[in-house]
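Engineer: Below is the structure I would like to discuss, written out as structure tokens.
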Amino acid sequence: MKKSTSNQSPLKIYCDIFGHKYEVSKKVTSHVKEYTCKCCKKQLTTNSNGNLTELTPKFKEINTALEQIYTRRMMRLKQKTLSSSIY
Ligand SMILES: [Zn+2]
């Protein structure tokens with residue numbers, strides 16, 4: 001992982017003027033995604049109301065838990081379809 005800590009201020013100004021350029025950085029579940037601004041690396045996430053909110057450590061925690069539940073459920077679904085296709 002790359003770590004860039006310096007030289008962020010000019011980009012922040014760009015964001016202030018033109019707005020953030022968010023792209024999906026992580027798909028947590030089918031409804032919840034994390035977004036990162038290409039310029040200033042500001043992160044957003046979808047909250048329980050379906051709105052975008054700043055990705056705070058608290059939300060990161062929630063998303064990690066959500067992701068675990070989601071992947072576990074998806075794996076179980078996959079296993080189900082696999083075993084049902086065998087029988
Ligand atoms: Zn930005």
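Residues in the structure tokens are numbered from 1 in each chain, the chains being A, B, ... in the order shown, and ligands are numbered from 1 in the order shown.
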Leaving out Lys60 of chain A and any residue of its chain fewer than 5 positions from it, which residues lie within 12 Å of it when counting only C-alpha atoms, given as a list in words?

Structural biologist: Lys26, Val28, Val32, Lys33, Glu34, Tyr35, Gln43, Leu44, Thr45, Thr46, Asn47, Thr53, Glu54, Leu55, Ala65, Leu66 and Glu67 of chain A

Engineer: Create the file for the chosen residues now, containing N, CA and C atoms and written as a short mmCIF file (atom, residue, chain, number, x, y, z; two decimals), in the first residue's frame.

Structural biologist:
data_model
loop_
_atom_site.label_atom_id
_atom_site.label_comp_id
_atom_site.auth_asym_id
_atom_site.auth_seq_id
_atom_site.Cartn_x
_atom_site.Cartn_y
_atom_site.Cartn_z
N LYS A 26 -14.43 0.64 -2.26
CA LYS A 26 -14.69 -0.65 -1.65
C LYS A 26 -16.19 -0.93 -1.70
N VAL A 28 -18.84 -2.84 0.15
CA VAL A 28 -19.02 -3.53 1.43
C VAL A 28 -20.12 -4.57 1.29
N VAL A 32 -24.12 -1.03 0.44
CA VAL A 32 -23.17 -0.15 1.11
C VAL A 32 -21.83 -0.16 0.38
N LYS A 33 -21.38 1.04 0.04
CA LYS A 33 -20.08 1.16 -0.61
C LYS A 33 -19.27 2.24 0.08
N GLU A 34 -17.96 2.13 -0.08
CA GLU A 34 -17.09 3.19 0.41
C GLU A 34 -16.54 3.94 -0.79
N TYR A 35 -16.49 5.25 -0.66
CA TYR A 35 -16.01 6.09 -1.75
C TYR A 35 -14.77 6.85 -1.29
N GLN A 43 -12.86 10.20 2.42
CA GLN A 43 -13.66 8.99 2.25
C GLN A 43 -15.09 9.18 2.72
N LEU A 44 -15.99 8.60 1.95
CA LEU A 44 -17.40 8.62 2.29
C LEU A 44 -17.90 7.18 2.33
N THR A 45 -19.02 6.99 2.98
CA THR A 45 -19.65 5.67 2.95
C THR A 45 -21.17 5.84 2.95
N THR A 46 -21.86 4.78 2.60
CA THR A 46 -23.30 4.79 2.65
C THR A 46 -23.70 4.43 4.08
N ASN A 47 -24.58 5.20 4.68
CA ASN A 47 -25.02 4.86 6.04
C ASN A 47 -26.32 4.06 5.97
N THR A 53 -22.20 9.59 3.92
CA THR A 53 -21.71 10.27 5.10
C THR A 53 -20.20 10.07 5.18
N GLU A 54 -19.56 10.93 5.93
CA GLU A 54 -18.11 10.83 6.05
C GLU A 54 -17.72 9.50 6.70
N LEU A 55 -16.66 8.88 6.16
CA LEU A 55 -16.24 7.58 6.69
C LEU A 55 -15.40 7.79 7.94
N ALA A 65 -17.79 -5.04 9.95
CA ALA A 65 -18.72 -6.04 10.47
C ALA A 65 -19.73 -6.43 9.39
N LEU A 66 -20.26 -5.43 8.71
CA LEU A 66 -21.23 -5.67 7.63
C LEU A 66 -20.63 -6.54 6.55
N GLU A 67 -19.38 -6.22 6.20
CA GLU A 67 -18.71 -6.95 5.13
C GLU A 67 -18.54 -8.42 5.50
#

Engineer: Would you please give, as JSON, numbers by chain, all residues of segment 9-46 of chain A that DSSP assigns to helix (DSSP H, G or I) based on the backbone?

Structural biologist: {"A": [9, 10, 11, 12, 13, 14, 15, 16, 17, 18]}

Engineer: Would you mind telling me which residue in A:Ile62, A:Val24, A:Met74, A:Cys39 lies nearest to Pro10 of chain A when using only C-alpha atoms?

Structural biologist: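 Counting only C-alpha atoms, the residue closest to Pro10 of chain A is A:Cys39.
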
Engineer: Per residue of chain A within 7 Å of ligand 1, what are the shortest atom pair and its distance in Å to one decimal, counting only C-alpha atoms and all ligand atoms, with rows by chain and residue number, as a tab-separated table?

Structural biologist:
residue	atom	partner	partner_atom_place_in_ligand_line	distance
A:Lys12	CA	ligand 1	1 (Zn)	5.9
A:Cys15	CA	ligand 1	1 (Zn)	4.6
A:Gly19	CA	ligand 1	1 (Zn)	6.6
A:His20	CA	ligand 1	1 (Zn)	3.8
A:Lys21	CA	ligand 1	1 (Zn)	5.9
A:Cys37	CA	ligand 1	1 (Zn)	4.6
A:Lys38	CA	ligand 1	1 (Zn)	6.5
A:Cys39	CA	ligand 1	1 (Zn)	4.8
A:Cys40	CA	ligand 1	1 (Zn)	4.1
A:Lys41	CA	ligand 1	1 (Zn)	6.1
A:Lys42	CA	ligand 1	1 (Zn)	5.6

Engineer: List every residue of chain A that DSSP, applied to the backbone, labels as strand (DSSP E), and write the result as a short mmCIF file (atom, residue, chain, number, x, y, z; two decimals) with all heavy atoms, in the first residue's frame.

Structural biologist:
data_model
loop_
_atom_site.label_atom_id
_atom_site.label_comp_id
_atom_site.auth_asym_id
_atom_site.auth_seq_id
_atom_site.Cartn_x
_atom_site.Cartn_y
_atom_site.Cartn_z
N TYR A 22 -15.27 11.57 -6.27
CA TYR A 22 -15.38 10.30 -5.55
C TYR A 22 -15.45 9.13 -6.51
O TYR A 22 -16.10 9.18 -7.54
CB TYR A 22 -16.64 10.30 -4.68
CG TYR A 22 -16.55 11.23 -3.52
CD1 TYR A 22 -17.35 12.35 -3.43
CD2 TYR A 22 -15.63 10.98 -2.50
CE1 TYR A 22 -17.26 13.20 -2.35
CE2 TYR A 22 -15.53 11.83 -1.42
CZ TYR A 22 -16.36 12.94 -1.35
OH TYR A 22 -16.27 13.79 -0.28
N GLU A 23 -14.77 8.07 -6.14
CA GLU A 23 -14.94 6.80 -6.85
C GLU A 23 -15.07 5.70 -5.82
O GLU A 23 -14.58 5.82 -4.70
CB GLU A 23 -13.77 6.55 -7.80
CG GLU A 23 -12.43 6.46 -7.13
CD GLU A 23 -11.34 6.07 -8.12
OE1 GLU A 23 -11.61 6.07 -9.34
OE2 GLU A 23 -10.23 5.75 -7.66
N VAL A 24 -15.74 4.62 -6.20
CA VAL A 24 -15.96 3.53 -5.27
C VAL A 24 -14.63 2.87 -4.94
O VAL A 24 -13.92 2.41 -5.82
CB VAL A 24 -16.94 2.49 -5.85
CG1 VAL A 24 -17.10 1.31 -4.89
CG2 VAL A 24 -18.28 3.12 -6.14
N SER A 25 -14.27 2.88 -3.68
CA SER A 25 -12.99 2.28 -3.29
C SER A 25 -13.21 0.89 -2.71
O SER A 25 -12.30 0.08 -2.67
CB SER A 25 -12.29 3.17 -2.27
OG SER A 25 -13.13 3.45 -1.18
N LYS A 26 -14.43 0.64 -2.26
CA LYS A 26 -14.69 -0.65 -1.65
C LYS A 26 -16.19 -0.93 -1.70
O LYS A 26 -17.00 -0.07 -1.40
CB LYS A 26 -14.23 -0.63 -0.21
CG LYS A 26 -14.19 -1.98 0.45
CD LYS A 26 -13.57 -1.83 1.82
CE LYS A 26 -13.61 -3.09 2.62
NZ LYS A 26 -13.13 -2.83 3.98
N LYS A 27 -16.51 -2.15 -2.08
CA LYS A 27 -17.91 -2.55 -2.06
C LYS A 27 -18.11 -3.37 -0.80
O LYS A 27 -17.57 -4.47 -0.67
CB LYS A 27 -18.21 -3.38 -3.31
CG LYS A 27 -19.66 -3.36 -3.67
CD LYS A 27 -19.92 -4.15 -4.94
CE LYS A 27 -21.40 -4.44 -5.03
NZ LYS A 27 -21.69 -5.71 -5.66
N LYS A 33 -21.38 1.04 0.04
CA LYS A 33 -20.08 1.16 -0.61
C LYS A 33 -19.27 2.24 0.08
O LYS A 33 -19.83 3.12 0.73
CB LYS A 33 -20.26 1.53 -2.09
CG LYS A 33 -20.89 0.45 -2.90
CD LYS A 33 -21.05 0.92 -4.34
CE LYS A 33 -21.80 -0.12 -5.15
NZ LYS A 33 -23.24 -0.11 -4.86
N GLU A 34 -17.96 2.13 -0.08
CA GLU A 34 -17.09 3.19 0.41
C GLU A 34 -16.54 3.94 -0.79
O GLU A 34 -16.19 3.34 -1.81
CB GLU A 34 -15.94 2.60 1.24
CG GLU A 34 -16.42 2.07 2.57
CD GLU A 34 -15.30 1.44 3.38
OE1 GLU A 34 -14.13 1.51 2.97
OE2 GLU A 34 -15.61 0.88 4.45
N TYR A 35 -16.49 5.25 -0.66
CA TYR A 35 -16.01 6.09 -1.75
C TYR A 35 -14.77 6.85 -1.29
O TYR A 35 -14.70 7.29 -0.15
CB TYR A 35 -17.07 7.11 -2.17
CG TYR A 35 -18.36 6.48 -2.61
CD1 TYR A 35 -19.35 6.15 -1.69
CD2 TYR A 35 -18.58 6.21 -3.95
CE1 TYR A 35 -20.54 5.57 -2.10
CE2 TYR A 35 -19.78 5.64 -4.38
CZ TYR A 35 -20.75 5.32 -3.45
OH TYR A 35 -21.92 4.75 -3.86
N THR A 36 -13.84 7.02 -2.20
CA THR A 36 -12.66 7.83 -1.89
C THR A 36 -12.52 8.89 -2.96
O THR A 36 -12.67 8.61 -4.15
CB THR A 36 -11.39 6.95 -1.86
OG1 THR A 36 -11.61 5.87 -0.96
CG2 THR A 36 -10.20 7.76 -1.38
N CYS A 37 -12.22 10.11 -2.54
CA CYS A 37 -11.98 11.19 -3.48
C CYS A 37 -10.61 10.98 -4.11
O CYS A 37 -9.62 10.78 -3.42
CB CYS A 37 -12.04 12.54 -2.78
SG CYS A 37 -11.59 13.89 -3.87
N GLN A 43 -12.86 10.20 2.42
CA GLN A 43 -13.66 8.99 2.25
C GLN A 43 -15.09 9.18 2.72
O GLN A 43 -15.35 9.81 3.73
CB GLN A 43 -13.01 7.84 3.02
CG GLN A 43 -11.72 7.39 2.37
CD GLN A 43 -11.13 6.19 3.07
OE1 GLN A 43 -10.82 6.26 4.24
NE2 GLN A 43 -10.98 5.09 2.35
N LEU A 44 -15.99 8.60 1.95
CA LEU A 44 -17.40 8.62 2.29
C LEU A 44 -17.90 7.18 2.33
O LEU A 44 -17.30 6.29 1.74
CB LEU A 44 -18.21 9.36 1.21
CG LEU A 44 -18.10 10.86 1.08
CD1 LEU A 44 -19.10 11.32 0.03
CD2 LEU A 44 -18.39 11.56 2.39
N THR A 45 -19.02 6.99 2.98
CA THR A 45 -19.65 5.67 2.95
C THR A 45 -21.17 5.84 2.95
O THR A 45 -21.68 6.90 3.27
CB THR A 45 -19.21 4.80 4.15
OG1 THR A 45 -19.72 3.49 3.97
CG2 THR A 45 -19.72 5.37 5.47
N THR A 46 -21.86 4.78 2.60
CA THR A 46 -23.30 4.79 2.65
C THR A 46 -23.70 4.43 4.08
O THR A 46 -23.20 3.45 4.62
CB THR A 46 -23.88 3.73 1.68
OG1 THR A 46 -23.08 3.68 0.52
CG2 THR A 46 -25.29 4.05 1.31
N LEU A 52 -25.04 9.30 1.89
CA LEU A 52 -23.60 9.32 1.99
C LEU A 52 -23.18 10.12 3.21
O LEU A 52 -23.73 11.17 3.51
CB LEU A 52 -22.98 9.94 0.74
CG LEU A 52 -23.07 9.07 -0.52
CD1 LEU A 52 -22.51 9.82 -1.71
CD2 LEU A 52 -22.32 7.77 -0.33
N THR A 53 -22.20 9.59 3.92
CA THR A 53 -21.71 10.27 5.10
C THR A 53 -20.20 10.07 5.18
O THR A 53 -19.66 9.17 4.54
CB THR A 53 -22.42 9.74 6.36
OG1 THR A 53 -21.98 10.49 7.48
CG2 THR A 53 -22.10 8.27 6.60
N GLU A 54 -19.56 10.93 5.93
CA GLU A 54 -18.11 10.83 6.05
C GLU A 54 -17.72 9.50 6.70
O GLU A 54 -18.37 9.05 7.63
CB GLU A 54 -17.59 11.98 6.91
CG GLU A 54 -16.14 12.28 6.65
CD GLU A 54 -15.70 13.57 7.35
OE1 GLU A 54 -16.50 14.52 7.37
OE2 GLU A 54 -14.58 13.61 7.88
#

Engineer: Which residue, A:Gln79, A:Asn49, A:Thr29, A:Ser84, has the smallest gap to Thr64 of chain A when you use only C-alpha atoms?

Structural biologist: A:Thr29

Engineer: Could you please determine the separation between atom CA of Ile17 of chain A and atom CA of Phe59 of chain A in Å, to one decimal place?

Structural biologist: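 Interatomic distance here is 27.0 Å.
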